[in-house]
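Step one of this worksheet: look at the structure below.
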Amino acid sequence: MRIDVITLFPEVIEAGTRYSIVGRAQDWGLVQVRAIQLRDFTTDKHHTTDDEPYGGGAGLVMKPEPLFRAVESCLNDETHQLPRIILLEPQGTLYTQSLAEELAQESHLILLCGHYEGIDARVREHLATDVISIGDFVLTGGELPALVLIDSVVRLLPGAIHSAESLGQDSYADGLLGYPQYTRPKEFRGWRVPSVLLSGNHGAIARWRRKEQLRLTRHLRPDLLARAYLTKQDVELLKEIANEEAQS
């Protein structure tokens with residue numbers, strides 16, 4: 001996979017992708033991440049990437065010309081395959097695990113990092129194939145959302161994580177939050193690891209984990225639970241949880 005990030009601050013992207021899973025995936029040749037300086041695609045001596053908004057108002061708006069030129073420089077004329085061109089801004093579709101899985105199937109992503117008061121709307125309308133937001137809050141620019149997207153996509157690439165089983169245990173992998181995890185010591189400041197995890201009974205451990213997964217999702221993200229596919233056993237476990245809480 002190739003990921004091109006068009007940004008005013010390439011050093012942020014370079015630093016954020018140098019370590020951990022994304023860094024190793026690059027070393028292993030699974031992904032190539034390039035941080036591209038937007039100012040290199042301006043034509044004036046001041047390398048201007050923004051201007052005042054038409055109609056008045058506070059702040060500055062990023063100009064379309066440098067962004068179009070930067071994207072066009074990333075296109076591969078040999079394959080004639082159009083990459084996913086992703087504009088990262090608050091007005092976009094909310095980013096989810098299912099979208100990360102979809103993007104992980106692509107061979108080329110181009111990420112556009114906004115700044116100032118926004119980007120000229122013609123970029124959204126005529127250049128971007130996707131507009132994505134990582135949440136309902138405002139950040140200084142698109143670099144952090146780009147790093148979030150890169151991390152979530154690269155870890156799904158075959159070979160990026162040694163244990164494929166661990167991906168299936170992630171939160172949101174099956175529409176629910178993950179179950180609680182414990183490690184040594186068995187007791188820490190009076191808090192003990194649940195005894196079922198020390199029993200060696202794999203069936204009981206699997207049942208406990210699923211039950212706690214359902215319990216956490218029910219309390220913290222009931223919206224996920226409402227959309228999740230639940231088995232008959234899941235329904236029974238939810239009844240057990242409700243009865244336990246009613247008696248407590």
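Here's how to read the names in the structure tokens: chain A, B, ... by the order shown, residue numbers from 1 in each chain, ligand numbers from 1 in the order shown.
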Closest-contact table, range 5-28 of chain A side, partner range 99-119 of chain A, 12 Å, counting only C-alpha atoms, as CSV:
residue,atom,partner,partner_atom,distance
A:Val5,CA,A:Leu111,CA,4.7
A:Ile6,CA,A:Leu112,CA,5.1
A:Thr7,CA,A:Cys113,CA,5.3
A:Leu8,CA,A:Cys113,CA,7.8
A:Phe9,CA,A:Cys113,CA,9.1
A:Pro10,CA,A:Cys113,CA,10.1
A:Val12,CA,A:Cys113,CA,11.3
A:Ile13,CA,A:Cys113,CA,10.4
- request: Write out as a ChimeraX atom specification which residues come within 9 Å of range 180-190 of chain A when counting only C-alpha atoms, dropping same-chain ones fewer than 2 positions away.
  value: /A:178,192-194,197-198,209,212-213,216
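Look at range 30-40 of chain A: the protein and nucleic acid residues within 8 Å of it, using only C-alpha atoms and passing over chain neighbours fewer than 6 places away, are Met1, Arg2, Ile3, Asp4, Val5, Ile6, Thr7, Leu8, Phe9, Pro10, Glu11, Ile13, Glu14, Thr17, His47, Thr48, Thr49, Pro66, Leu67, Ala70, Val154, Leu157, Gly159 and Ala160 of chain A.
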For C-alpha atoms, I'd like the residues from the last selection saved as a short mmCIF file (atom, residue, chain, number, x, y, z; two decimals), in the first residue's frame.
data_model
loop_
_atom_site.label_atom_id
_atom_site.label_comp_id
_atom_site.auth_asym_id
_atom_site.auth_seq_id
_atom_site.Cartn_x
_atom_site.Cartn_y
_atom_site.Cartn_z
CA MET A 1 0.00 0.00 0.00
CA ARG A 2 1.05 3.58 -0.64
CA ILE A 3 -0.20 6.49 1.45
CA ASP A 4 0.55 10.07 0.37
CA VAL A 5 -0.18 12.80 2.91
CA ILE A 6 -0.43 16.34 1.56
CA THR A 7 0.28 18.73 4.39
CA LEU A 8 1.81 22.04 5.47
CA PHE A 9 3.67 20.18 8.24
CA PRO A 10 5.29 17.04 6.80
CA GLU A 11 7.52 16.70 9.84
CA ILE A 13 3.54 12.98 9.65
CA GLU A 14 7.13 11.76 9.38
CA THR A 17 4.78 7.21 11.34
CA HIS A 47 4.42 30.00 -1.42
CA THR A 48 0.91 31.10 -0.49
CA THR A 49 -1.55 28.30 0.31
CA PRO A 66 -1.93 23.87 -4.78
CA LEU A 67 -4.07 20.99 -3.52
CA ALA A 70 -0.23 18.16 -5.29
CA VAL A 154 -1.86 -0.06 8.43
CA LEU A 157 -2.58 -4.96 6.46
CA GLY A 159 1.68 -9.14 8.07
CA ALA A 160 1.63 -5.83 9.95
#
field: Counting only C-alpha atoms, the residue of A:Ala246, A:Lys232, A:Arg84, A:Gly16 that sits nearest Ala146 in chain A
entry: A:Gly16
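Of the listed residues A:Arg24, A:Arg69, A:Arg18, A:Arg215, the one whose atoms come nearest to Thr42 in chain A is A:Arg69, with distances taken using only C-alpha atoms.
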field: Residue among A:Leu224, A:Phe41, A:Gln91, A:Gly56 lying closest to Asp174 in chain A, counting only C-alpha atoms
entry: A:Leu224
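Interatomic distance, CA of His126 in chain A to CA of Pro83 in chain A: 14.1 Å.
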